[in-house]
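Structure first, commentary second.
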Amino acid sequence: MPQSVIKFGTDGWRGLIADDFTFANVRIAAAAVAAYVHAHEDPTKGLCIGYDTRFGSKAFARICAEVVAATGIPVELAGAVTPTPALSFGVRQRGAAGGIMITSSHNPAQWNGVKYKGWYGGSGKPSMIAAIESYLDKPAPATATPASIAEVDFLPDYLAAVKSFADLDLISKSGMKFCIDSMYGAGGTIISEIFTALGVDHVQIRANPDPLFPGINPEPIEPHIRALGEAVVANGCQAGLCTDGDADRIGATDEYGNFVDPHKIYSVLLSWVLRRKGWPGAVTRAFNTTKMLDRIAKKYGRELIEHGIGFKYVCDLMLEREIVMGGEESGGIGFQRHLPERDGILNALLLANVMSEEKKTLGQLVADLQAEYGEHQYGRIDLHISDDIKNAAIARAKALPARDTSFAGMPILRTETLDGVKFYLDNPEAKTKPNAAETWLLLRASGTEPLMRIYTESCSKESVANLLESAREFALRS
């Protein structure tokens with residue numbers, strides 16, 4: 001199979017099961033990881049391998065283990081479905097050379113993937129991913145005697161870590177009720193079991209593993225999260241807490257069943273951490289995340305670092321300097337003092353922690369942020385379009401300021417191209433609102449799929465809807 005079929009994006013390689021994500025290609029990817037470990041790490045430290053609830057994940061993980069062990073690298077293989085952050089924690093705690101996670105995270109059911117985790121317990125650094133790609137389709141080191149493959153349980157040590165990070169005693173005394181949604185993924189019954197042991201009132205939905213993810217993509221955003229909102233209202237809960245397919249991302253609904261986007265979740269957690277905990281360090285955010293974070297960081301005198309899209313950039317910064325929190329648009333949020341990794345399970349517990357400490361529902365916490373930092377509304381659409389249309393749209397967007405001074409009827413204030421094409425716009429509506437959010441729109445082409453994502457933030461839901469529709473028309477224009 002040509003090397004071009006396997007391409008590692010912002011967090012690993014993903015492909016369509018039985019199309020390009022085949023046993024043959026998984027062997028190629030695993031061999032490239034093994035070659036990288038032999039050349040750049042200590043192979044005697046071994047690799048940890050885990051998998052999620054997707055179709056074939058267990059078999060693909062076993063194939064990876066066999067390929068890696070055949071090169072002389074010992075393997076610790078998960079004996080059951082494992083959340084990605086638990087695998088990453090296991091890599092760091094066991095002193096492994098790295099890790100492989102078989103998952104396609106939040107993608108639809110027909111996808112699967114291979115994520116590489118560095119020895120530090122987080123996404124492979126860009127330099128690591130580039131090195132792994134350079135070994136694709138090259139023969140892996142051979143050894144006369146394969147190394148061992150041991151089945152292990154990565155969960156107990158990981159759970160001990162997240163339980164000690166969040167204040168479970170506070171949650172248990174809060175009297176609040178929560179709804180837990182694992183979206184048929186690797187989060188399973190983990191949070192429910194923690195709450196049951198604490199005596200926390202809760203209900204859970206979609207906790208059973210199902211590789212078909214019936215009716216949804218396992219991504220904790222609209223429309224896939226609507227069942228959680230309905231369950232919250234039906235059961236009188238103060239919030240709904242949701243994890244994605246491999247449990248490294250967080251989603252939520254408020255007490256009225258309204259979707260709380262990941263930007264508000266990050267803002268709630270950051271405000272609480274800086275106000276209540278005072279943990280040191282800078283704040284990072286991806287290019288497509290809310291500017292509310294900038295205002296929160298400024299209030300508490302923290303440096304705000306903007307970076308490219310993908311948690312590997314957060315991880316890179318956490319390995320280089322002191323970072324209190326880092327995150328991205330899709331609900332991937334991490335704390336350096338825990339792990340340089342996204343962790344949906346930990347963040348769900350921390351949201352419950354914040355609500356318990358502040359004695360407020362999630363909706364009330366979000367309303368407080370909007371009142372203090374100005375109304376920030378966010379929206380995103382995904383356009384599944386051919387690479388030709390996608391690339392042409394990006395080229396037109398880059399050239400737009402030279403031909404036109406406005407977009408969607410709003411003057412273009414400036415353009416940024418850190419990761420995609422981002423327009424900051426002079427929105428007349430903002431002048432009518434106190435402390436209104438900056439209005440911006442971002443077009444970004446996926447590097448691994450025939451997909452364009454369009455993101456925008458503005459000072460009202462109506463403005464967001466209008467901007468997204470204008471951007472859709474712009475992208476599809478021939």
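If you're wondering about the labels, chains in the structure tokens are A, B, ... by order shown, residues count from 1 in each chain, ligands from 1 in order shown.
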
Give me, as a PyMOL selection string, all polymer residues having an atom no more than 9 Å from A:Ile323, counting only C-alpha atoms and skipping those fewer than 3 positions away in the same chain.
chain A and resi 280-284+314+317-320+326+335-337

Considering only C-alpha atoms, return as JSON, numbers by chain whatever protein or nucleic-acid residues lie within 9 Å of A:Phe21, sequence-local ones (same chain, fewer than 3 positions apart) excluded.
{"A": [6, 14, 15, 16, 17, 18, 24, 25, 26, 111, 112, 113]}

Just write the chosen residues, N, CA and C atoms, as a JSON list (two decimals), in the first residue's frame.
[["chain", "number", "residue", "atom", "x", "y", "z"],
["A", 6, "ILE", "N", -1.46, 6.29, 4.47],
["A", 6, "ILE", "CA", -1.34, 6.46, 5.92],
["A", 6, "ILE", "C", -0.74, 7.83, 6.20],
["A", 14, "ARG", "N", -6.16, 8.15, 11.02],
["A", 14, "ARG", "CA", -7.51, 7.63, 11.01],
["A", 14, "ARG", "C", -7.85, 7.17, 9.59],
["A", 15, "GLY", "N", -8.71, 6.15, 9.51],
["A", 15, "GLY", "CA", -9.12, 5.66, 8.20],
["A", 15, "GLY", "C", -10.44, 4.92, 8.29],
["A", 16, "LEU", "N", -11.03, 4.66, 7.13],
["A", 16, "LEU", "CA", -12.28, 3.92, 7.04],
["A", 16, "LEU", "C", -12.01, 2.43, 7.19],
["A", 17, "ILE", "N", -12.71, 1.80, 8.12],
["A", 17, "ILE", "CA", -12.52, 0.37, 8.38],
["A", 17, "ILE", "C", -12.82, -0.41, 7.10],
["A", 18, "ALA", "N", -11.91, -1.32, 6.76],
["A", 18, "ALA", "CA", -12.00, -2.22, 5.60],
["A", 18, "ALA", "C", -11.74, -1.51, 4.27],
["A", 24, "ALA", "N", -3.58, -4.96, 7.10],
["A", 24, "ALA", "CA", -2.30, -4.72, 6.41],
["A", 24, "ALA", "C", -1.75, -3.34, 6.71],
["A", 25, "ASN", "N", -2.62, -2.32, 6.66],
["A", 25, "ASN", "CA", -2.15, -0.96, 6.92],
["A", 25, "ASN", "C", -1.86, -0.71, 8.39],
["A", 26, "VAL", "N", -2.61, -1.36, 9.27],
["A", 26, "VAL", "CA", -2.31, -1.24, 10.70],
["A", 26, "VAL", "C", -0.95, -1.84, 10.99],
["A", 111, "TRP", "N", -15.14, 4.60, 11.07],
["A", 111, "TRP", "CA", -13.74, 4.97, 11.17],
["A", 111, "TRP", "C", -13.05, 4.26, 12.34],
["A", 112, "ASN", "N", -11.75, 4.07, 12.20],
["A", 112, "ASN", "CA", -10.91, 3.69, 13.33],
["A", 112, "ASN", "C", -9.56, 4.36, 13.13],
["A", 113, "GLY", "N", -8.68, 4.23, 14.11],
["A", 113, "GLY", "CA", -7.42, 4.95, 14.00],
["A", 113, "GLY", "C", -6.35, 4.45, 14.94]]

Option closest in space to A:Asn258, from A:Ala30, A:Ala227, A:Leu467, A:Leu383 [counting only C-alpha atoms]
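Between A:Ala30, A:Ala227, A:Leu467, A:Leu383, the residue approaching A:Asn258 most closely is A:Ala227.
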
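Using only C-alpha atoms, the smallest distance between any of A:Phe311, A:Tyr300, A:Phe165, A:Phe178 and A:Gly257 comes from A:Phe178.
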
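Taking atom CA of A:Ala160 and atom CA of A:Trp119 as the two end points, the separation is 20.1 Å.
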
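If only C-alpha atoms are the atoms counted, then among A:His224, A:Lys117, A:Lys177, A:Arg302 the closest residue to A:Val203 is A:Lys177.
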
Which residues are close to stretch 343-356 of chain A, i.e. within 9 Å by only C-alpha atoms, leaving aside same-chain residues fewer than 6 positions away? Reply as number ranges by chain.
A: 83-86, 162-163, 165-168, 170-176, 178, 180, 187, 190-191, 238-239, 241-244, 246-252, 265, 268-269, 272, 331-335, 362, 365
